[in-house]
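*Asks:* Below is one structure. I have some questions about it.
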Amino acid sequence: MESGPWIALIGTLDTKGEEIGYVRDRLLALGARPLVIDTGILGEPSGCEPDIPHAEVAAAAGDDLAGVRDAGSRGAAVERMLAGVRAVCLRLYAEGRLDGALCLGGAEGGLMGAAAMHALPVGVPKLIVTPSASGRREFAPFMGETDTVVMHSVVDILGLHPISRAIFDNAAAAVVGMARDGGGAVGDLGERTVGVTMLGQTTPGVMVLREKLLEAGHAPVIFHANGVGGPAMEKLAAVGALAGIVDYTLSELANSLMDGVHATGPDRLRVAGRRGLPQVVVPGCCDFFNQGAPHTLPERFRGRKSYYHNPVATLVRLSVQEGVELGELIAERLAGSTGPVRVIAPTRGFSLADAEGGDLWDPEADRAFLDALRDALRTDFAYEEVDAHVDDPAFAELVADRYLSLVRAPVR
């Protein structure tokens, strides 16, 4: 009989040993091979014996448990310990002894498990069971840019009773099912795979672009440019999983400039360039930044043009000066690129709402943005303005043609 999948079972055994022990037994009953990783910091394990003790977890990051305990604050101790659990899980994965990961934890315990999961490839099953998966909370620390599943535990993770057993049973079955019957880790996607960014405001154009690339034998993969999608695309680019990029939607840069809902970190629009990948860059959605529901819009933005995108999303128009700053920011992010770069700019609007007569239409601000981008761009990069809207089919087809001109024609 074929051996079952290896499951890394992560938790703080000084506070959740009984619950981890129960889940370990459920995993065994389902035919899996659990490896219990103790991330407890202050106390000794109780209710479950670890396969990898907390001292070994700390040592995996070049630390020691005493040093972690003396870190000075709970947050500092957690930060040092999560480096260890990440190192342990990466080692297990490299050894072929990690087919899935399951973590039970509160805020700190869940974050330590998440740190390990963020380092694992897309496609490796990852599941966190936590009471923190609830209410008005930010889930980025748990999910990051990965395919991590976060399950609300309903109750706090302390004690076994009908509710907790039902939740734990489902979690165990879910991770084993994914590990046994799921898709598996994603690695190299092939030399024709193209990362493409899109939002609802650029969907018509990207749909045309996608069809054109497919017809040419390439494999476009579309990422939602919502503050996570762009970095997720770049994470795959960094490990060589993508052959090229069509960054059709740069709203994440506008949000970073304005601290909007879809803001990203300082590496956005740098990663593919450092990797030397061919890039076609389109300033899709560079006319706005994202805010929440209309009634939550800060007072300082209420006099601006805006667009009611959905009940929890309002698009706020950038000013002329902000457009200038955004153009310069994009040029600066692209400046370190070592591969070919083409910037293709539509002059009749950057989003569905930024069209003549639309709620965000502001040709003066669009022109200021384009002038700043053009003037700040590296002189050896191709820059092309097109008398079209970003969602015009002819424009999208042109973008596809320009990408295809940068890459080797596919072998048929």
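Naming works like this for the structure tokens: A, B, ... for the chains as they're shown, residue 1 at the start of each chain, ligands 1 onward in shown order.
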Extract, using only C-alpha atoms, all DNA, RNA and protein residues at most 10 Å from segment 394-401 of chain A, discarding same-chain residues fewer than 5 positions from it, and format them as a VMD selection string.
*Replies:* chain A and resid 204 to 214 216 246 248 280 to 282 342 to 346 386 to 389 406
*Asks:* How about saving the chosen residues, N, CA, C and O atoms kept, as a compact mmCIF listing (two decimals), in the first residue's frame?
*Replies:*
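Contents of selection_22.txt, as written:
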# COMPACT_ATOMS: atom_id res chain seq x y z
N PRO A 204 -11.92 44.20 -20.12
CA PRO A 204 -12.17 44.04 -21.56
C PRO A 204 -10.88 43.98 -22.38
O PRO A 204 -10.75 43.16 -23.29
N GLY A 205 -9.93 44.84 -22.05
CA GLY A 205 -8.68 44.84 -22.78
C GLY A 205 -7.88 43.57 -22.55
O GLY A 205 -7.33 42.98 -23.49
N VAL A 206 -7.80 43.14 -21.31
CA VAL A 206 -7.01 41.94 -21.00
C VAL A 206 -7.63 40.70 -21.62
O VAL A 206 -6.91 39.77 -22.02
N MET A 207 -8.94 40.66 -21.71
CA MET A 207 -9.57 39.50 -22.35
C MET A 207 -9.14 39.38 -23.82
O MET A 207 -8.86 38.29 -24.31
N VAL A 208 -9.05 40.51 -24.51
CA VAL A 208 -8.59 40.50 -25.90
C VAL A 208 -7.11 40.12 -25.95
O VAL A 208 -6.69 39.30 -26.79
N LEU A 209 -6.32 40.72 -25.08
CA LEU A 209 -4.89 40.40 -25.01
C LEU A 209 -4.67 38.91 -24.80
O LEU A 209 -3.84 38.28 -25.47
N ARG A 210 -5.41 38.36 -23.88
CA ARG A 210 -5.26 36.93 -23.56
C ARG A 210 -5.52 36.06 -24.79
O ARG A 210 -4.74 35.13 -25.08
N GLU A 211 -6.59 36.34 -25.51
CA GLU A 211 -6.91 35.54 -26.68
C GLU A 211 -5.81 35.64 -27.74
O GLU A 211 -5.45 34.65 -28.37
N LYS A 212 -5.28 36.83 -27.91
CA LYS A 212 -4.21 37.04 -28.90
C LYS A 212 -2.96 36.26 -28.51
O LYS A 212 -2.31 35.64 -29.38
N LEU A 213 -2.61 36.25 -27.23
CA LEU A 213 -1.44 35.50 -26.78
C LEU A 213 -1.66 34.00 -26.91
O LEU A 213 -0.76 33.25 -27.30
N LEU A 214 -2.87 33.54 -26.58
CA LEU A 214 -3.18 32.12 -26.74
C LEU A 214 -3.06 31.70 -28.21
O LEU A 214 -2.51 30.63 -28.51
N ALA A 216 -1.15 32.81 -30.34
CA ALA A 216 0.26 32.79 -30.72
C ALA A 216 1.03 31.66 -30.03
O ALA A 216 2.24 31.56 -30.19
N VAL A 246 3.32 40.95 -18.98
CA VAL A 246 2.57 42.09 -19.53
C VAL A 246 1.87 42.75 -18.34
O VAL A 246 0.83 42.29 -17.89
N TYR A 248 -0.30 45.02 -17.43
CA TYR A 248 -1.34 45.81 -18.09
C TYR A 248 -2.03 46.76 -17.11
O TYR A 248 -2.67 47.72 -17.52
N VAL A 280 6.30 44.11 -21.06
CA VAL A 280 5.51 45.16 -21.69
C VAL A 280 4.67 45.79 -20.57
O VAL A 280 3.98 45.08 -19.83
N VAL A 281 4.76 47.09 -20.44
CA VAL A 281 4.12 47.80 -19.34
C VAL A 281 3.08 48.76 -19.90
O VAL A 281 3.37 49.56 -20.79
N VAL A 282 1.86 48.65 -19.37
CA VAL A 282 0.74 49.49 -19.78
C VAL A 282 0.21 50.21 -18.53
O VAL A 282 0.00 49.56 -17.50
N ARG A 342 9.17 47.51 -22.89
CA ARG A 342 8.39 48.38 -23.76
C ARG A 342 7.25 48.97 -22.94
O ARG A 342 6.53 48.24 -22.27
N VAL A 343 7.09 50.27 -22.98
CA VAL A 343 5.97 50.94 -22.33
C VAL A 343 5.02 51.41 -23.42
O VAL A 343 5.43 52.14 -24.34
N ILE A 344 3.76 50.99 -23.32
CA ILE A 344 2.76 51.34 -24.33
C ILE A 344 1.63 52.07 -23.62
O ILE A 344 0.97 51.49 -22.73
N ALA A 345 1.40 53.32 -23.99
CA ALA A 345 0.49 54.17 -23.24
C ALA A 345 -0.71 54.59 -24.09
O ALA A 345 -0.54 55.22 -25.14
N PRO A 346 -1.92 54.26 -23.64
CA PRO A 346 -3.12 54.76 -24.33
C PRO A 346 -3.37 56.22 -23.95
O PRO A 346 -3.20 56.60 -22.80
N VAL A 386 -0.38 55.60 -27.93
CA VAL A 386 -1.35 55.10 -28.90
C VAL A 386 -2.65 55.87 -28.72
O VAL A 386 -3.15 56.01 -27.59
N ASP A 387 -3.20 56.37 -29.80
CA ASP A 387 -4.45 57.13 -29.76
C ASP A 387 -5.62 56.14 -29.59
O ASP A 387 -6.34 55.82 -30.54
N ALA A 388 -5.77 55.66 -28.35
CA ALA A 388 -6.79 54.65 -28.06
C ALA A 388 -7.05 54.63 -26.57
O ALA A 388 -6.31 55.22 -25.78
N HIS A 389 -8.11 53.95 -26.20
CA HIS A 389 -8.43 53.71 -24.79
C HIS A 389 -7.81 52.37 -24.37
O HIS A 389 -7.63 51.48 -25.21
N LEU A 406 9.07 40.84 -28.43
CA LEU A 406 10.18 40.79 -27.47
C LEU A 406 10.67 39.38 -27.21
O LEU A 406 11.78 39.19 -26.71
*Asks:* Near segment 314-324 of chain A, counting only C-alpha atoms, which residues have an atom at most 8 Å away, once you skip same-chain residues fewer than 6 positions from it, shown as a list of chain:residue names?
*Replies:*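 After dropping sequence-adjacent residues, the list is A:Cys286, A:Asp287, A:Phe288, A:Phe289, A:Asn290, A:Gln291, A:Gly292, A:Ala293, A:Pro294, A:Leu297, A:Phe301, A:Arg304, A:Lys305, A:Ser306, A:Tyr307, A:Tyr308, A:Leu360, A:Glu364, A:Ala365, A:Asp366, A:Ala368, A:Phe369, A:Leu370, A:Asp371, A:Ala372, A:Leu373.
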*Asks:* Ranking A:Val88, A:Val129, A:Val78, A:Met117 by minimum distance to Ile20 of chain A and counting only C-alpha atoms, which one comes first?
*Replies:*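 For Ile20 of chain A, the nearest of the given residues is A:Val129.
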*Asks:* Using only C-alpha atoms, which residue out of A:Ala60, A:Ala331, A:Ala107, A:Ala101 lies closest to Val85 of chain A?
*Replies:* A:Ala60
*Asks:* Which residue, A:Asn170, A:Asn310, A:Thr249, A:Asn255, has the smallest gap to His152 of chain A when you use only C-alpha atoms?
*Replies:*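 Checking each candidate against His152 of chain A, we get A:Asn170 as the closest.
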*Asks:* Would you pick out the contacts of His118 of chain A at 7 Å or less, using only C-alpha atoms, so that residues sharing its chain but fewer than 3 positions from it are not included, and give the list as a ChimeraX atom specification?
*Replies:* /A:114-115,144,146
*Asks:* With distances taken over only C-alpha atoms, which of A:Lys16, A:Pro266, A:Gly273, A:Leu257 is nearest to Glu325 of chain A?
*Replies:*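 Distance minimum relative to Glu325 of chain A lands on A:Leu257.
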*Asks:* For the atom pair atom CA of Glu108 of chain A and atom CA of Gly75 of chain A, what is the interatomic distance in Å to one decimal place?
*Replies:*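 Separation of atom CA of Glu108 of chain A and atom CA of Gly75 of chain A: 8.2 Å.
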*Asks:* Determine which residues of segment 257-371 of chain A DSSP labels as strand (DSSP E) from the backbone of this structure, then write them out as a PDB file with N, CA and C atoms, in the first residue's frame.
*Replies:*
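Listing of result_27.pdb after writing:
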ATOM      1  N   GLN A 279       9.414  42.603 -20.558  1.00  0.00           N
ATOM      2  CA  GLN A 279       8.245  43.252 -19.958  1.00  0.00           C
ATOM      3  C   GLN A 279       7.600  44.222 -20.938  1.00  0.00           C
ATOM      4  N   VAL A 280       6.299  44.109 -21.063  1.00  0.00           N
ATOM      5  CA  VAL A 280       5.508  45.158 -21.690  1.00  0.00           C
ATOM      6  C   VAL A 280       4.675  45.786 -20.573  1.00  0.00           C
ATOM      7  N   VAL A 281       4.764  47.090 -20.440  1.00  0.00           N
ATOM      8  CA  VAL A 281       4.118  47.799 -19.337  1.00  0.00           C
ATOM      9  C   VAL A 281       3.076  48.761 -19.897  1.00  0.00           C
ATOM     10  N   VAL A 282       1.861  48.646 -19.368  1.00  0.00           N
ATOM     11  CA  VAL A 282       0.737  49.491 -19.778  1.00  0.00           C
ATOM     12  C   VAL A 282       0.210  50.207 -18.529  1.00  0.00           C
ATOM     13  N   PRO A 283      -0.017  51.519 -18.574  1.00  0.00           N
ATOM     14  CA  PRO A 283      -0.480  52.223 -17.375  1.00  0.00           C
ATOM     15  C   PRO A 283      -1.983  52.068 -17.123  1.00  0.00           C
ATOM     16  N   GLY A 284      -2.460  50.828 -17.190  1.00  0.00           N
ATOM     17  CA  GLY A 284      -3.857  50.585 -16.880  1.00  0.00           C
ATOM     18  C   GLY A 284      -4.176  50.951 -15.446  1.00  0.00           C
ATOM     19  N   PHE A 288      -6.529  56.250 -10.832  1.00  0.00           N
ATOM     20  CA  PHE A 288      -7.211  56.230  -9.535  1.00  0.00           C
ATOM     21  C   PHE A 288      -6.442  55.413  -8.510  1.00  0.00           C
ATOM     22  N   PHE A 289      -6.858  55.568  -7.254  1.00  0.00           N
ATOM     23  CA  PHE A 289      -6.424  54.676  -6.180  1.00  0.00           C
ATOM     24  C   PHE A 289      -7.664  54.177  -5.459  1.00  0.00           C
ATOM     25  N   ASN A 290      -7.523  53.094  -4.725  1.00  0.00           N
ATOM     26  CA  ASN A 290      -8.674  52.408  -4.136  1.00  0.00           C
ATOM     27  C   ASN A 290      -8.905  52.814  -2.695  1.00  0.00           C
ATOM     28  N   GLN A 291     -10.170  53.048  -2.381  1.00  0.00           N
ATOM     29  CA  GLN A 291     -10.616  53.262  -1.014  1.00  0.00           C
ATOM     30  C   GLN A 291     -11.761  52.283  -0.732  1.00  0.00           C
ATOM     31  N   SER A 306     -14.859  60.543  -8.151  1.00  0.00           N
ATOM     32  CA  SER A 306     -14.761  59.170  -7.654  1.00  0.00           C
ATOM     33  C   SER A 306     -15.739  58.296  -8.429  1.00  0.00           C
ATOM     34  N   TYR A 307     -15.534  57.013  -8.282  1.00  0.00           N
ATOM     35  CA  TYR A 307     -16.374  56.040  -8.993  1.00  0.00           C
ATOM     36  C   TYR A 307     -16.801  54.954  -8.011  1.00  0.00           C
ATOM     37  N   TYR A 308     -18.107  54.709  -7.937  1.00  0.00           N
ATOM     38  CA  TYR A 308     -18.664  53.680  -7.052  1.00  0.00           C
ATOM     39  C   TYR A 308     -18.481  52.330  -7.743  1.00  0.00           C
ATOM     40  N   HIS A 309     -17.428  51.607  -7.346  1.00  0.00           N
ATOM     41  CA  HIS A 309     -17.073  50.356  -8.015  1.00  0.00           C
ATOM     42  C   HIS A 309     -17.925  49.189  -7.532  1.00  0.00           C
ATOM     43  N   ASN A 310     -18.091  49.093  -6.210  1.00  0.00           N
ATOM     44  CA  ASN A 310     -18.979  48.098  -5.602  1.00  0.00           C
ATOM     45  C   ASN A 310     -19.235  48.546  -4.167  1.00  0.00           C
ATOM     46  N   ALA A 313     -15.951  49.235  -2.339  1.00  0.00           N
ATOM     47  CA  ALA A 313     -14.810  49.797  -3.073  1.00  0.00           C
ATOM     48  C   ALA A 313     -15.191  51.075  -3.804  1.00  0.00           C
ATOM     49  N   THR A 314     -14.430  52.130  -3.538  1.00  0.00           N
ATOM     50  CA  THR A 314     -14.584  53.407  -4.220  1.00  0.00           C
ATOM     51  C   THR A 314     -13.260  53.748  -4.892  1.00  0.00           C
ATOM     52  N   LEU A 315     -13.315  54.144  -6.156  1.00  0.00           N
ATOM     53  CA  LEU A 315     -12.120  54.542  -6.897  1.00  0.00           C
ATOM     54  C   LEU A 315     -12.028  56.060  -6.865  1.00  0.00           C
ATOM     55  N   VAL A 316     -10.890  56.573  -6.413  1.00  0.00           N
ATOM     56  CA  VAL A 316     -10.711  58.022  -6.243  1.00  0.00           C
ATOM     57  C   VAL A 316      -9.680  58.522  -7.249  1.00  0.00           C
ATOM     58  N   ARG A 317     -10.031  59.599  -7.953  1.00  0.00           N
ATOM     59  CA  ARG A 317      -9.203  60.139  -9.026  1.00  0.00           C
ATOM     60  C   ARG A 317      -7.911  60.748  -8.482  1.00  0.00           C
ATOM     61  N   VAL A 341      12.312  46.148 -22.172  1.00  0.00           N
ATOM     62  CA  VAL A 341      11.120  46.810 -21.631  1.00  0.00           C
ATOM     63  C   VAL A 341      10.481  47.649 -22.729  1.00  0.00           C
ATOM     64  N   ARG A 342       9.170  47.509 -22.890  1.00  0.00           N
ATOM     65  CA  ARG A 342       8.390  48.381 -23.761  1.00  0.00           C
ATOM     66  C   ARG A 342       7.249  48.970 -22.938  1.00  0.00           C
ATOM     67  N   VAL A 343       7.091  50.268 -22.979  1.00  0.00           N
ATOM     68  CA  VAL A 343       5.972  50.944 -22.325  1.00  0.00           C
ATOM     69  C   VAL A 343       5.019  51.415 -23.420  1.00  0.00           C
ATOM     70  N   ILE A 344       3.765  50.994 -23.324  1.00  0.00           N
ATOM     71  CA  ILE A 344       2.758  51.337 -24.329  1.00  0.00           C
ATOM     72  C   ILE A 344       1.627  52.068 -23.618  1.00  0.00           C
ATOM     73  N   ALA A 345       1.398  53.316 -23.986  1.00  0.00           N
ATOM     74  CA  ALA A 345       0.486  54.172 -23.240  1.00  0.00           C
ATOM     75  C   ALA A 345      -0.706  54.589 -24.089  1.00  0.00           C
ATOM     76  N   PRO A 346      -1.924  54.262 -23.642  1.00  0.00           N
ATOM     77  CA  PRO A 346      -3.119  54.762 -24.331  1.00  0.00           C
ATOM     78  C   PRO A 346      -3.365  56.218 -23.955  1.00  0.00           C
TER      79      PRO A 346
END
